[in-house]
Amino acid sequence: QVQLVESGGGLVQAGDSLTLSCAASGRTVSDYAMGWFRQVSGKDREFVAAISWDGDRRNYADSVKGRFTISRNNAKNTVYLQMNVLKSEDTAVYYCAADDLPRTERLNIKSYEYDYWGQGTQVTVSS
């Protein structure tokens, strides 16, 4: 089993930056593709970014491309989401997720394709 714990959320102003962390425990995730999703109450969970198991490939939602950067440190079993130039529409609960197919080439954008999820961290951007 993999446990994922997100941290780093908070209340910021539009234009500010924030970095989210996702720490994995229970098992190494170094062979797993990882993703970040976000969800606003009453709406479906939305893909934000994904990174391959080796960190060589990344995929971003159009709405965050050029502003957000996903990265990982496999030695620390941790994935990050650097968020710059935050906008009010980025306000959501942010979740990290793991795809437990080892060393897969895919970078899934559908939430049902991920196997492990964290509890989420709230990001609120005031305009």
# chains A, B, ... in the order shown; residues from 1 in each chain; ligands from 1

call {"tool": "closest_atom_pairs", "arguments": {"of": "region 54-88 of chain A", "to": "region 102-125 of chain A", "cutoff": "9 Å", "atoms": "only C-alpha atoms", "output": "JSON lines"}}
result
{"residue": "A:Asp54", "atom": "CA", "partner": "A:Arg103", "partner_atom": "CA", "distance": 7.9}
{"residue": "A:Arg57", "atom": "CA", "partner": "A:Leu107", "partner_atom": "CA", "distance": 8.3}
{"residue": "A:Arg58", "atom": "CA", "partner": "A:Leu107", "partner_atom": "CA", "distance": 7.6}
{"residue": "A:Asn59", "atom": "CA", "partner": "A:Leu107", "partner_atom": "CA", "distance": 6.9}
{"residue": "A:Tyr60", "atom": "CA", "partner": "A:Ile109", "partner_atom": "CA", "distance": 8.8}
{"residue": "A:Ala61", "atom": "CA", "partner": "A:Ile109", "partner_atom": "CA", "distance": 8.6}
{"residue": "A:Leu86", "atom": "CA", "partner": "A:Val125", "partner_atom": "CA", "distance": 6.8}
{"residue": "A:Lys87", "atom": "CA", "partner": "A:Val125", "partner_atom": "CA", "distance": 6.2}
{"residue": "A:Ser88", "atom": "CA", "partner": "A:Val125", "partner_atom": "CA", "distance": 4.8}

call {"tool": "closest_atom_pairs", "arguments": {"of": "region 72-108 of chain A", "to": "region 30-38 of chain A", "cutoff": "8 Å", "atoms": "only C-alpha atoms", "output": "JSON lines"}}
result
{"residue": "A:Asn74", "atom": "CA", "partner": "A:Ser30", "partner_atom": "CA", "distance": 5.1}
{"residue": "A:Ala75", "atom": "CA", "partner": "A:Ser30", "partner_atom": "CA", "distance": 7.9}
{"residue": "A:Asn77", "atom": "CA", "partner": "A:Ser30", "partner_atom": "CA", "distance": 6.6}
{"residue": "A:Val79", "atom": "CA", "partner": "A:Met34", "partner_atom": "CA", "distance": 7.5}
{"residue": "A:Leu81", "atom": "CA", "partner": "A:Trp36", "partner_atom": "CA", "distance": 7.6}
{"residue": "A:Ala92", "atom": "CA", "partner": "A:Arg38", "partner_atom": "CA", "distance": 5.8}
{"residue": "A:Val93", "atom": "CA", "partner": "A:Arg38", "partner_atom": "CA", "distance": 5.4}
{"residue": "A:Tyr94", "atom": "CA", "partner": "A:Arg38", "partner_atom": "CA", "distance": 4.3}
{"residue": "A:Tyr95", "atom": "CA", "partner": "A:Phe37", "partner_atom": "CA", "distance": 5.1}
{"residue": "A:Cys96", "atom": "CA", "partner": "A:Trp36", "partner_atom": "CA", "distance": 4.4}
{"residue": "A:Ala97", "atom": "CA", "partner": "A:Gly35", "partner_atom": "CA", "distance": 5.1}
{"residue": "A:Ala98", "atom": "CA", "partner": "A:Met34", "partner_atom": "CA", "distance": 4.6}
{"residue": "A:Asp99", "atom": "CA", "partner": "A:Ala33", "partner_atom": "CA", "distance": 5.4}
{"residue": "A:Asp100", "atom": "CA", "partner": "A:Tyr32", "partner_atom": "CA", "distance": 5.4}
{"residue": "A:Leu101", "atom": "CA", "partner": "A:Tyr32", "partner_atom": "CA", "distance": 6.4}
{"residue": "A:Pro102", "atom": "CA", "partner": "A:Asp31", "partner_atom": "CA", "distance": 5.1}
{"residue": "A:Arg103", "atom": "CA", "partner": "A:Asp31", "partner_atom": "CA", "distance": 5.1}
{"residue": "A:Thr104", "atom": "CA", "partner": "A:Ala33", "partner_atom": "CA", "distance": 7.0}
{"residue": "A:Arg106", "atom": "CA", "partner": "A:Ala33", "partner_atom": "CA", "distance": 7.8}
{"residue": "A:Leu107", "atom": "CA", "partner": "A:Ala33", "partner_atom": "CA", "distance": 6.7}
{"residue": "A:Asn108", "atom": "CA", "partner": "A:Gly35", "partner_atom": "CA", "distance": 7.8}

call {"tool": "write_last_selection", "arguments": {"atoms": "N, CA and C atoms", "output": "mmCIF file, in the first residue's frame"}}
result
data_model
loop_
_atom_site.group_PDB
_atom_site.id
_atom_site.type_symbol
_atom_site.label_atom_id
_atom_site.label_comp_id
_atom_site.auth_asym_id
_atom_site.auth_seq_id
_atom_site.Cartn_x
_atom_site.Cartn_y
_atom_site.Cartn_z
ATOM 1 N N ASN A 74 13.031 11.233 -6.292
ATOM 2 C CA ASN A 74 12.787 9.820 -5.966
ATOM 3 C C ASN A 74 13.562 9.382 -4.729
ATOM 4 N N ALA A 75 14.668 10.023 -4.462
ATOM 5 C CA ALA A 75 15.419 9.689 -3.253
ATOM 6 C C ALA A 75 14.625 10.048 -1.999
ATOM 7 N N ASN A 77 11.236 10.223 -2.167
ATOM 8 C CA ASN A 77 9.890 9.665 -2.348
ATOM 9 C C ASN A 77 8.833 10.774 -2.336
ATOM 10 N N VAL A 79 6.938 14.196 -4.542
ATOM 11 C CA VAL A 79 6.600 14.883 -5.782
ATOM 12 C C VAL A 79 6.182 16.302 -5.433
ATOM 13 N N LEU A 81 4.683 20.317 -6.826
ATOM 14 C CA LEU A 81 3.993 21.117 -7.820
ATOM 15 C C LEU A 81 4.289 22.578 -7.511
ATOM 16 N N ALA A 92 -8.787 25.601 -5.304
ATOM 17 C CA ALA A 92 -9.304 24.227 -5.306
ATOM 18 C C ALA A 92 -8.603 23.432 -4.217
ATOM 19 N N VAL A 93 -9.079 22.225 -4.004
ATOM 20 C CA VAL A 93 -8.336 21.252 -3.219
ATOM 21 C C VAL A 93 -7.448 20.486 -4.199
ATOM 22 N N TYR A 94 -6.162 20.413 -3.883
ATOM 23 C CA TYR A 94 -5.201 19.768 -4.761
ATOM 24 C C TYR A 94 -4.841 18.388 -4.204
ATOM 25 N N TYR A 95 -4.873 17.402 -5.095
ATOM 26 C CA TYR A 95 -4.595 16.017 -4.726
ATOM 27 C C TYR A 95 -3.421 15.488 -5.537
ATOM 28 N N CYS A 96 -2.583 14.699 -4.911
ATOM 29 C CA CYS A 96 -1.601 13.958 -5.689
ATOM 30 C C CYS A 96 -2.047 12.506 -5.791
ATOM 31 N N ALA A 97 -1.561 11.852 -6.820
ATOM 32 C CA ALA A 97 -1.991 10.487 -7.109
ATOM 33 C C ALA A 97 -0.849 9.700 -7.721
ATOM 34 N N ALA A 98 -0.894 8.387 -7.534
ATOM 35 C CA ALA A 98 0.134 7.494 -8.059
ATOM 36 C C ALA A 98 -0.497 6.445 -8.976
ATOM 37 N N ASP A 99 0.157 6.226 -10.099
ATOM 38 C CA ASP A 99 -0.227 5.173 -11.041
ATOM 39 C C ASP A 99 0.704 3.997 -10.768
ATOM 40 N N ASP A 100 0.197 2.901 -10.245
ATOM 41 C CA ASP A 100 1.080 1.855 -9.730
ATOM 42 C C ASP A 100 1.498 0.837 -10.776
ATOM 43 N N LEU A 101 1.384 1.175 -12.057
ATOM 44 C CA LEU A 101 1.955 0.305 -13.086
ATOM 45 C C LEU A 101 3.438 0.671 -13.205
ATOM 46 N N PRO A 102 4.340 -0.224 -12.803
ATOM 47 C CA PRO A 102 5.756 0.160 -12.722
ATOM 48 C C PRO A 102 6.356 0.572 -14.060
ATOM 49 N N ARG A 103 7.036 1.714 -14.032
ATOM 50 C CA ARG A 103 7.795 2.210 -15.178
ATOM 51 C C ARG A 103 6.949 2.303 -16.453
ATOM 52 N N THR A 104 5.695 2.681 -16.270
ATOM 53 C CA THR A 104 4.830 2.839 -17.430
ATOM 54 C C THR A 104 5.241 4.045 -18.254
ATOM 55 N N ARG A 106 2.929 5.686 -19.940
ATOM 56 C CA ARG A 106 1.741 6.536 -20.016
ATOM 57 C C ARG A 106 1.790 7.633 -18.959
ATOM 58 N N LEU A 107 1.193 8.754 -19.279
ATOM 59 C CA LEU A 107 0.986 9.852 -18.346
ATOM 60 C C LEU A 107 -0.503 10.146 -18.356
ATOM 61 N N ASN A 108 -1.210 9.481 -17.463
ATOM 62 C CA ASN A 108 -2.667 9.532 -17.495
ATOM 63 C C ASN A 108 -3.197 10.892 -17.075
#

call {"tool": "select_by_dssp", "arguments": {"residues": "region 23-116 of chain A", "states": "strand (DSSP E or B)", "output": "PyMOL selection string"}}
result
chain A and resi 23-25+33-39+46-51+58-60+68-73+78-83+92-99+116

call {"tool": "residues_around", "arguments": {"residues": "Asp62 (chain A)", "least_positions_apart": "2", "cutoff": "10 Å", "atoms": "only C-alpha atoms", "output": "list in words"}}
result
Phe47, Val48, Ala49, Asn59, Tyr60, Val64, Lys65, Gly66 and Arg67 of chain A

call {"tool": "closest_residue", "arguments": {"among": "A:Arg45, A:Asp56, A:Ala50, A:Arg72", "to": "Ala23 (chain A)", "atoms": "only C-alpha atoms"}}
result
A:Arg72

call {"tool": "decode", "arguments": {"residues": "region 66-120 of chain A", "atoms": "C-alpha atoms", "output": "PDB file, in the first residue's frame"}}
result
ATOM      1  CA  GLY A  66       3.673  27.780 -18.456  1.00  0.00           C
ATOM      2  CA  ARG A  67       2.717  28.600 -14.838  1.00  0.00           C
ATOM      3  CA  PHE A  68       2.966  25.258 -13.005  1.00  0.00           C
ATOM      4  CA  THR A  69       5.882  22.835 -12.875  1.00  0.00           C
ATOM      5  CA  ILE A  70       5.734  19.266 -11.649  1.00  0.00           C
ATOM      6  CA  SER A  71       8.906  17.631 -10.387  1.00  0.00           C
ATOM      7  CA  ARG A  72       9.976  14.722  -8.245  1.00  0.00           C
ATOM      8  CA  ASN A  73      12.782  13.598  -5.978  1.00  0.00           C
ATOM      9  CA  ASN A  74      12.787   9.820  -5.966  1.00  0.00           C
ATOM     10  CA  ALA A  75      15.419   9.689  -3.253  1.00  0.00           C
ATOM     11  CA  LYS A  76      12.938  11.496  -0.990  1.00  0.00           C
ATOM     12  CA  ASN A  77       9.890   9.665  -2.348  1.00  0.00           C
ATOM     13  CA  THR A  78       8.317  13.077  -2.928  1.00  0.00           C
ATOM     14  CA  VAL A  79       6.600  14.883  -5.782  1.00  0.00           C
ATOM     15  CA  TYR A  80       6.214  18.646  -6.051  1.00  0.00           C
ATOM     16  CA  LEU A  81       3.993  21.117  -7.820  1.00  0.00           C
ATOM     17  CA  GLN A  82       5.468  24.571  -8.199  1.00  0.00           C
ATOM     18  CA  MET A  83       2.651  27.033  -8.931  1.00  0.00           C
ATOM     19  CA  ASN A  84       3.472  30.521 -10.189  1.00  0.00           C
ATOM     20  CA  VAL A  85       1.315  33.473 -11.179  1.00  0.00           C
ATOM     21  CA  LEU A  86      -1.622  32.027  -9.332  1.00  0.00           C
ATOM     22  CA  LYS A  87      -5.102  33.063 -10.376  1.00  0.00           C
ATOM     23  CA  SER A  88      -8.395  32.992  -8.519  1.00  0.00           C
ATOM     24  CA  GLU A  89      -9.525  30.151 -10.769  1.00  0.00           C
ATOM     25  CA  ASP A  90      -6.699  28.007  -9.371  1.00  0.00           C
ATOM     26  CA  THR A  91      -8.568  27.882  -6.073  1.00  0.00           C
ATOM     27  CA  ALA A  92      -9.304  24.227  -5.306  1.00  0.00           C
ATOM     28  CA  VAL A  93      -8.336  21.252  -3.219  1.00  0.00           C
ATOM     29  CA  TYR A  94      -5.201  19.768  -4.761  1.00  0.00           C
ATOM     30  CA  TYR A  95      -4.595  16.017  -4.726  1.00  0.00           C
ATOM     31  CA  CYS A  96      -1.601  13.958  -5.689  1.00  0.00           C
ATOM     32  CA  ALA A  97      -1.991  10.487  -7.109  1.00  0.00           C
ATOM     33  CA  ALA A  98       0.134   7.494  -8.059  1.00  0.00           C
ATOM     34  CA  ASP A  99      -0.227   5.173 -11.041  1.00  0.00           C
ATOM     35  CA  ASP A 100       1.080   1.855  -9.730  1.00  0.00           C
ATOM     36  CA  LEU A 101       1.955   0.305 -13.086  1.00  0.00           C
ATOM     37  CA  PRO A 102       5.756   0.160 -12.722  1.00  0.00           C
ATOM     38  CA  ARG A 103       7.795   2.210 -15.178  1.00  0.00           C
ATOM     39  CA  THR A 104       4.830   2.839 -17.430  1.00  0.00           C
ATOM     40  CA  GLU A 105       5.224   5.107 -20.430  1.00  0.00           C
ATOM     41  CA  ARG A 106       1.741   6.536 -20.016  1.00  0.00           C
ATOM     42  CA  LEU A 107       0.986   9.852 -18.346  1.00  0.00           C
ATOM     43  CA  ASN A 108      -2.667   9.532 -17.495  1.00  0.00           C
ATOM     44  CA  ILE A 109      -4.970  12.516 -17.325  1.00  0.00           C
ATOM     45  CA  LYS A 110      -8.048  10.655 -16.086  1.00  0.00           C
ATOM     46  CA  SER A 111      -8.480  10.340 -12.335  1.00  0.00           C
ATOM     47  CA  TYR A 112      -9.785   6.774 -12.561  1.00  0.00           C
ATOM     48  CA  GLU A 113      -6.465   5.685 -14.040  1.00  0.00           C
ATOM     49  CA  TYR A 114      -4.648   6.413 -10.774  1.00  0.00           C
ATOM     50  CA  ASP A 115      -4.523   3.920  -7.970  1.00  0.00           C
ATOM     51  CA  TYR A 116      -3.492   5.829  -4.854  1.00  0.00           C
ATOM     52  CA  TRP A 117      -4.609   9.235  -3.659  1.00  0.00           C
ATOM     53  CA  GLY A 118      -3.754  11.655  -0.926  1.00  0.00           C
ATOM     54  CA  GLN A 119      -6.261  13.520   1.222  1.00  0.00           C
ATOM     55  CA  GLY A 120      -5.712  16.822  -0.528  1.00  0.00           C
TER      56      GLY A 120
END
